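Comments concern the structure below.
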Amino acid sequence: MMQGQGARGVQTVSTSFPSLQQSAVQSPQPTVGPCDDPFLLVGRDLETMFTEIHRELEQELQVDGELADMAKYYFDGSGKALRPVIAMCLGHAYNVHTGRVGRAEDSQRKVAIISEMIHTASLVHDDILDHAETRRGKVSVNLRWDSRKSTMTGAYILAVASKLLAQTGSQKVIEILSQVLADLVQGEFMQLQTKQDEEDRFEDYINKSFNKTASLMAYSCQANAVLAEATEQEVQDAFQYGKNLGIAFQLVDDLLDFVSSADQLGKPAAADLHLGLATAPVLFASAEFPQLNDMIARRFSLPGDVEEAFRLVQVSQGLQQTRGLARRHCEDAISSLSSILPSPHRAALVGLCDKVLNRLK
Ligand code: FPP
Ligand code: MG
């Protein structure tokens, strides 16, 4: 069990994992240098990004200011802005490789902004569905206002993002990023159901993780590689980078739900179990403790299920195996960068993999 090919060719099993540094030394893979902090490299772009998003959201408004206040509420600079950082670093790295520096940046920056807007729109809808009370340490939009208005706010953010997407003028980029919306919705649908067949659960989980998290990163990378006029193979490599980084990110997120306190997370710990969700730690643990399978099937709905599942995960190898799988995906992400020329931005993309894994520390 727990083997096979998941989302669009994602390997869902791994055995032992050398450290990132080790693998970088042993193979001709790209390595990370001391000054390659991705957030510093694109810092200037990020500084103005939220002001620009506010301006775009305000520009379309014909009704009162409440919709503007709601739409801007999560664009307050308190998020990690990971998606735009990935998209911009990848765009710069590919421009160096293809000799397009100074020519493709405007459209690539739009892709970065759109990726943050799609992500935020999905968080607005997610908070409604999850009845969230907080987001990044502040009252969630659905609680501060209400669910009906919040639903429309999410749709409004998407509408403005769609306009920006059209402004890229690239039919290919429009097609690529539209796929993300379909994937996000399908990821949420997958999360509503639990596979009854135990053998299928891990692959289903990886597919869901691709749809919910990795798709946006993968397709933003792909779009910016297209805008850099990379070859078909290089465009595929860009997609693979975003996909593997995204899956690693989700694995780490799911791990943190078991190992961090509610204070650190800004939401209750073991939130996924409370929502009925079986993520990698519990799926791995079910191989050692088969009694978890029935709990997974009933989505931890009986009294004591959440507590018992949480305890079993802590004494199992599940946490370590999840960490190992995240590391493996980061290594695959780094490998996909070998097809482009070295540059500070390529090194920053390697550094991002480290950062994703180091959220665990
Ligand atoms: C966060 O999940 C949610 C997502 C990454 C995607 C949510 C997608 C939808 C609601 C589909 C609709 C999409 C659009 C574009 C409107 P989480 O609950 O695991 O994370 P959290 O802990 O941050 O809430
Ligand atoms: Mg949520």
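Scheme for the structure tokens: letters A, B, ... for chains in order shown; per-chain residue numbers from 1; ligand numbers from 1 in order shown.
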
Pull the closest atom pair for each residue of chain A that gets at most 9 Å from ligand 1, along with the distance in Å to one decimal, counting only C-alpha atoms and all ligand atoms, ordering rows by chain and then ascending residue number, as a Markdown table.
```
| residue | atom | partner | partner_atom_place_in_ligand_line | distance |
| --- | --- | --- | --- | --- |
| A:Met117 | CA | ligand 1 | 15 (C) | 8.8 |
| A:Ile118 | CA | ligand 1 | 15 (C) | 5.4 |
| A:His119 | CA | ligand 1 | 15 (C) | 6.7 |
| A:Thr120 | CA | ligand 1 | 15 (C) | 8.0 |
| A:Ala121 | CA | ligand 1 | 16 (C) | 5.1 |
| A:Ser122 | CA | ligand 1 | 14 (C) | 3.9 |
| A:Leu123 | CA | ligand 1 | 3 (C) | 5.4 |
| A:Val124 | CA | ligand 1 | 10 (C) | 7.4 |
| A:His125 | CA | ligand 1 | 10 (C) | 4.5 |
| A:Asp126 | CA | ligand 1 | 10 (C) | 4.0 |
| A:Asp127 | CA | ligand 1 | 24 (O) | 6.2 |
| A:Ile128 | CA | ligand 1 | 10 (C) | 8.2 |
| A:Leu129 | CA | ligand 1 | 10 (C) | 7.0 |
| A:Asp130 | CA | ligand 1 | 18 (O) | 6.6 |
| A:Ala132 | CA | ligand 1 | 24 (O) | 7.3 |
| A:Arg135 | CA | ligand 1 | 23 (O) | 7.4 |
| A:Arg136 | CA | ligand 1 | 23 (O) | 8.6 |
| A:Thr151 | CA | ligand 1 | 16 (C) | 8.5 |
| A:Gly154 | CA | ligand 1 | 16 (C) | 5.9 |
| A:Ala155 | CA | ligand 1 | 16 (C) | 6.4 |
| A:Ile157 | CA | ligand 1 | 16 (C) | 8.7 |
| A:Leu158 | CA | ligand 1 | 15 (C) | 6.8 |
| A:Val180 | CA | ligand 1 | 15 (C) | 7.9 |
| A:Leu181 | CA | ligand 1 | 15 (C) | 5.2 |
| A:Ala182 | CA | ligand 1 | 13 (C) | 8.0 |
| A:Asp183 | CA | ligand 1 | 11 (C) | 8.3 |
| A:Leu184 | CA | ligand 1 | 11 (C) | 4.9 |
| A:Val185 | CA | ligand 1 | 11 (C) | 4.1 |
| A:Gln186 | CA | ligand 1 | 11 (C) | 7.5 |
| A:Gly187 | CA | ligand 1 | 8 (C) | 7.0 |
| A:Glu188 | CA | ligand 1 | 9 (C) | 5.6 |
| A:Phe189 | CA | ligand 1 | 11 (C) | 8.3 |
| A:Ser209 | CA | ligand 1 | 5 (C) | 8.7 |
| A:Asn211 | CA | ligand 1 | 6 (C) | 8.3 |
| A:Lys212 | CA | ligand 1 | 5 (C) | 4.8 |
| A:Thr213 | CA | ligand 1 | 5 (C) | 5.3 |
| A:Gln250 | CA | ligand 1 | 19 (O) | 8.5 |
| A:Asp253 | CA | ligand 1 | 19 (O) | 8.3 |
| A:Asp254 | CA | ligand 1 | 19 (O) | 8.2 |
| A:Asp257 | CA | ligand 1 | 22 (O) | 8.9 |
| A:Leu265 | CA | ligand 1 | 22 (O) | 8.7 |
| A:Lys267 | CA | ligand 1 | 22 (O) | 7.4 |
| A:Ala271 | CA | ligand 1 | 22 (O) | 7.8 |
| A:Asp272 | CA | ligand 1 | 19 (O) | 7.4 |
| A:Leu275 | CA | ligand 1 | 18 (O) | 9.0 |
```

**Study point:** 12 Å contact set for Thr48 in chain A, only C-alpha atoms, chain neighbours under 3 positions out, as a ChimeraX atom specification
**Key:** /A:42-45,51-55,75-77,109,113

Check your understanding: DSSP says alpha helix (DSSP H) for which residues of range 67-278 of chain A? Put them as a VMD selection string?
Key -> chain A and resid 67 to 72 82 to 98 105 to 129 141 to 144 147 to 167 171 to 192 201 to 209 215 to 227 232 to 259 262 to 265 271 to 274

Next, dump the selected residues to file, keeping only C-alpha atoms, as a compact mmCIF listing (two decimals), in the first residue's frame.
```txt
# COMPACT_ATOMS: atom_id res chain seq x y z
CA LEU A 67 -17.30 45.14 -0.50
CA ALA A 68 -13.97 46.95 -0.87
CA ASP A 69 -13.26 46.61 2.85
CA MET A 70 -14.09 42.90 2.75
CA ALA A 71 -12.14 42.22 -0.45
CA LYS A 72 -9.03 43.97 0.90
CA LEU A 82 4.75 32.41 -0.81
CA ARG A 83 2.96 31.97 -4.13
CA PRO A 84 3.99 35.31 -5.65
CA VAL A 85 7.54 34.78 -4.38
CA ILE A 86 7.71 31.41 -6.14
CA ALA A 87 6.23 32.80 -9.36
CA MET A 88 8.52 35.84 -9.43
CA CYS A 89 11.71 33.92 -8.59
CA LEU A 90 10.90 31.33 -11.22
CA GLY A 91 10.15 34.01 -13.79
CA HIS A 92 13.46 35.81 -13.12
CA ALA A 93 15.44 32.56 -13.14
CA TYR A 94 13.90 31.52 -16.45
CA ASN A 95 14.41 34.98 -18.00
CA VAL A 96 18.12 34.70 -17.23
CA HIS A 97 18.14 31.28 -18.86
CA THR A 98 16.27 32.32 -22.02
CA GLU A 105 8.72 40.80 -16.17
CA ASP A 106 5.51 42.82 -16.44
CA SER A 107 3.38 39.84 -17.43
CA GLN A 108 5.18 37.53 -15.00
CA ARG A 109 4.53 39.97 -12.18
CA LYS A 110 0.83 39.88 -13.15
CA VAL A 111 0.91 36.08 -12.85
CA ALA A 112 2.42 36.47 -9.37
CA ILE A 113 -0.30 38.91 -8.32
CA ILE A 114 -3.04 36.72 -9.81
CA SER A 115 -1.68 33.72 -7.90
CA GLU A 116 -1.98 35.63 -4.62
CA MET A 117 -5.51 36.75 -5.52
CA ILE A 118 -6.68 33.25 -6.46
CA HIS A 119 -5.15 31.92 -3.24
CA THR A 120 -6.85 34.58 -1.13
CA ALA A 121 -10.23 34.12 -2.83
CA SER A 122 -9.98 30.41 -2.08
CA LEU A 123 -9.14 31.16 1.58
CA VAL A 124 -12.23 33.37 1.86
CA HIS A 125 -14.39 30.51 0.58
CA ASP A 126 -12.50 27.97 2.66
CA ASP A 127 -13.12 29.95 5.85
CA ILE A 128 -16.84 30.02 5.10
CA LEU A 129 -16.89 26.25 4.52
CA VAL A 141 -13.89 37.50 7.19
CA ASN A 142 -16.97 35.27 7.55
CA LEU A 143 -17.21 36.05 11.26
CA ARG A 144 -16.38 39.75 11.05
CA SER A 147 -21.04 34.10 5.13
CA ARG A 148 -23.30 35.38 2.37
CA LYS A 149 -21.34 38.57 1.86
CA SER A 150 -18.08 36.65 2.19
CA THR A 151 -19.12 34.22 -0.57
CA MET A 152 -19.66 37.16 -2.89
CA THR A 153 -16.38 38.73 -1.76
CA GLY A 154 -14.44 35.61 -2.79
CA ALA A 155 -16.17 35.67 -6.17
CA TYR A 156 -15.39 39.38 -6.54
CA ILE A 157 -11.66 38.84 -5.89
CA LEU A 158 -11.70 36.10 -8.55
CA ALA A 159 -13.46 38.40 -11.01
CA VAL A 160 -10.79 41.07 -10.62
CA ALA A 161 -8.06 38.42 -10.89
CA SER A 162 -9.66 37.19 -14.14
CA LYS A 163 -9.44 40.68 -15.59
CA LEU A 164 -5.73 40.82 -14.75
CA LEU A 165 -5.29 37.40 -16.31
CA ALA A 166 -6.82 38.61 -19.57
CA GLN A 167 -4.39 41.55 -19.48
CA GLN A 171 -4.02 32.66 -24.54
CA LYS A 172 -1.70 29.96 -23.21
CA VAL A 173 -1.31 31.62 -19.81
CA ILE A 174 -5.07 32.13 -19.53
CA GLU A 175 -5.63 28.42 -20.21
CA ILE A 176 -2.90 27.37 -17.76
CA LEU A 177 -4.17 29.48 -14.86
CA SER A 178 -7.83 28.65 -15.48
CA GLN A 179 -6.95 25.03 -14.74
CA VAL A 180 -6.03 26.09 -11.19
CA LEU A 181 -9.61 27.19 -10.47
CA ALA A 182 -10.99 23.84 -11.63
CA ASP A 183 -8.38 22.01 -9.52
CA LEU A 184 -9.08 24.04 -6.37
CA VAL A 185 -12.78 23.29 -6.52
CA GLN A 186 -12.15 19.58 -7.22
CA GLY A 187 -9.68 19.44 -4.33
CA GLU A 188 -12.39 20.72 -1.99
CA PHE A 189 -14.84 18.15 -3.36
CA MET A 190 -12.31 15.36 -2.79
CA GLN A 191 -11.91 16.53 0.79
CA LEU A 192 -15.63 16.09 1.43
CA ARG A 201 -6.56 6.54 0.45
CA PHE A 202 -2.96 7.68 0.18
CA GLU A 203 -3.10 8.29 -3.53
CA ASP A 204 -6.37 10.16 -3.08
CA TYR A 205 -4.74 12.29 -0.38
CA ILE A 206 -1.82 13.19 -2.69
CA ASN A 207 -4.20 14.01 -5.53
CA LYS A 208 -6.22 16.20 -3.20
CA SER A 209 -3.02 17.92 -2.02
CA SER A 215 -1.76 23.17 -8.60
CA LEU A 216 -1.59 26.93 -8.05
CA MET A 217 2.18 26.81 -7.53
CA ALA A 218 2.78 24.42 -10.43
CA TYR A 219 0.70 26.31 -12.97
CA SER A 220 2.00 29.75 -11.91
CA CYS A 221 5.53 28.42 -12.50
CA GLN A 222 4.47 26.92 -15.82
CA ALA A 223 2.86 30.20 -16.89
CA ASN A 224 5.97 32.22 -16.07
CA ALA A 225 8.20 29.75 -17.90
CA VAL A 226 5.94 30.12 -20.95
CA LEU A 227 6.24 33.91 -20.68
CA GLU A 232 8.51 22.71 -23.90
CA GLN A 233 10.76 20.54 -21.69
CA GLU A 234 11.84 23.53 -19.60
CA VAL A 235 8.20 24.56 -19.18
CA GLN A 236 7.45 21.04 -17.92
CA ASP A 237 10.41 21.30 -15.52
CA ALA A 238 8.97 24.55 -14.15
CA PHE A 239 5.64 22.78 -13.59
CA GLN A 240 7.42 19.91 -11.80
CA TYR A 241 9.25 22.36 -9.54
CA GLY A 242 5.99 24.03 -8.43
CA LYS A 243 4.16 20.73 -8.10
CA ASN A 244 6.77 19.07 -5.90
CA LEU A 245 7.32 22.16 -3.77
CA GLY A 246 3.55 22.49 -3.34
CA ILE A 247 3.06 18.89 -2.27
CA ALA A 248 5.98 19.20 0.17
CA PHE A 249 4.38 22.38 1.53
CA GLN A 250 1.06 20.61 2.11
CA LEU A 251 2.78 17.61 3.75
CA VAL A 252 4.57 19.96 6.14
CA ASP A 253 1.33 21.83 6.82
CA ASP A 254 -0.38 18.56 7.67
CA LEU A 255 2.52 17.53 9.88
CA LEU A 256 2.46 20.85 11.74
CA ASP A 257 -1.17 20.19 12.62
CA PHE A 258 0.14 17.35 14.80
CA VAL A 259 3.32 18.86 16.19
CA ALA A 262 -2.60 26.15 18.74
CA ASP A 263 -0.73 29.40 19.47
CA GLN A 264 1.95 28.67 16.88
CA LEU A 265 -0.60 27.68 14.25
CA ALA A 271 -7.82 20.85 13.38
CA ASP A 272 -7.77 18.36 10.48
CA LEU A 273 -8.90 15.45 12.66
CA HIS A 274 -11.68 17.64 14.08
```

Revision key, fill the gap. Counting only C-alpha atoms and all ligand atoms, the residue among A:Glu199, A:Glu133, A:Asp332, A:Glu308 that lies closest to ligand 2 is A:Glu133

Exercise for review: Have a look at A:Ala228, A:Leu277, A:Cys353, A:Ala285 and name the one nearest to ligand 2; count only C-alpha atoms and all ligand atoms.
Suggested key: A:Leu277

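Across A:Arg100, A:Arg359, A:His131, A:Arg323, the tightest approach to ligand 2 is made by A:His131 when counting only C-alpha atoms and all ligand atoms.
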
Point to revise | strand (DSSP E or B) call set, DSSP backbone run, range 63-199 of chain A, as a VMD selection string | key: chain A and resid 134 to 135 138 to 139

Check your understanding: Expressed in Å to a single decimal, how great is the separation between CA of His329 in chain A and CA of Asp37 in chain A?
Key -> 20.2 Å

**Study point:** Which residue of A:Gln291, A:Ser339, A:Gln320, A:Gln196 approaches Thr231 in chain A most closely, using only C-alpha atoms
**Key:** A:Ser339

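Our summary of the geometry notes that CA of Ala326 in chain A is positioned 9.0 Å from CA of Val356 in chain A.
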
**Study point:** Separation of CA of Glu198 in chain A from CA of Arg299 in chain A, in Å and rounded to one decimal
**Key:** 13.2 Å

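Nearest to ligand 2 of all the residues A:Thr134, A:Asn358, A:Ser336, A:Thr194 is A:Thr134, counting only C-alpha atoms and all ligand atoms.
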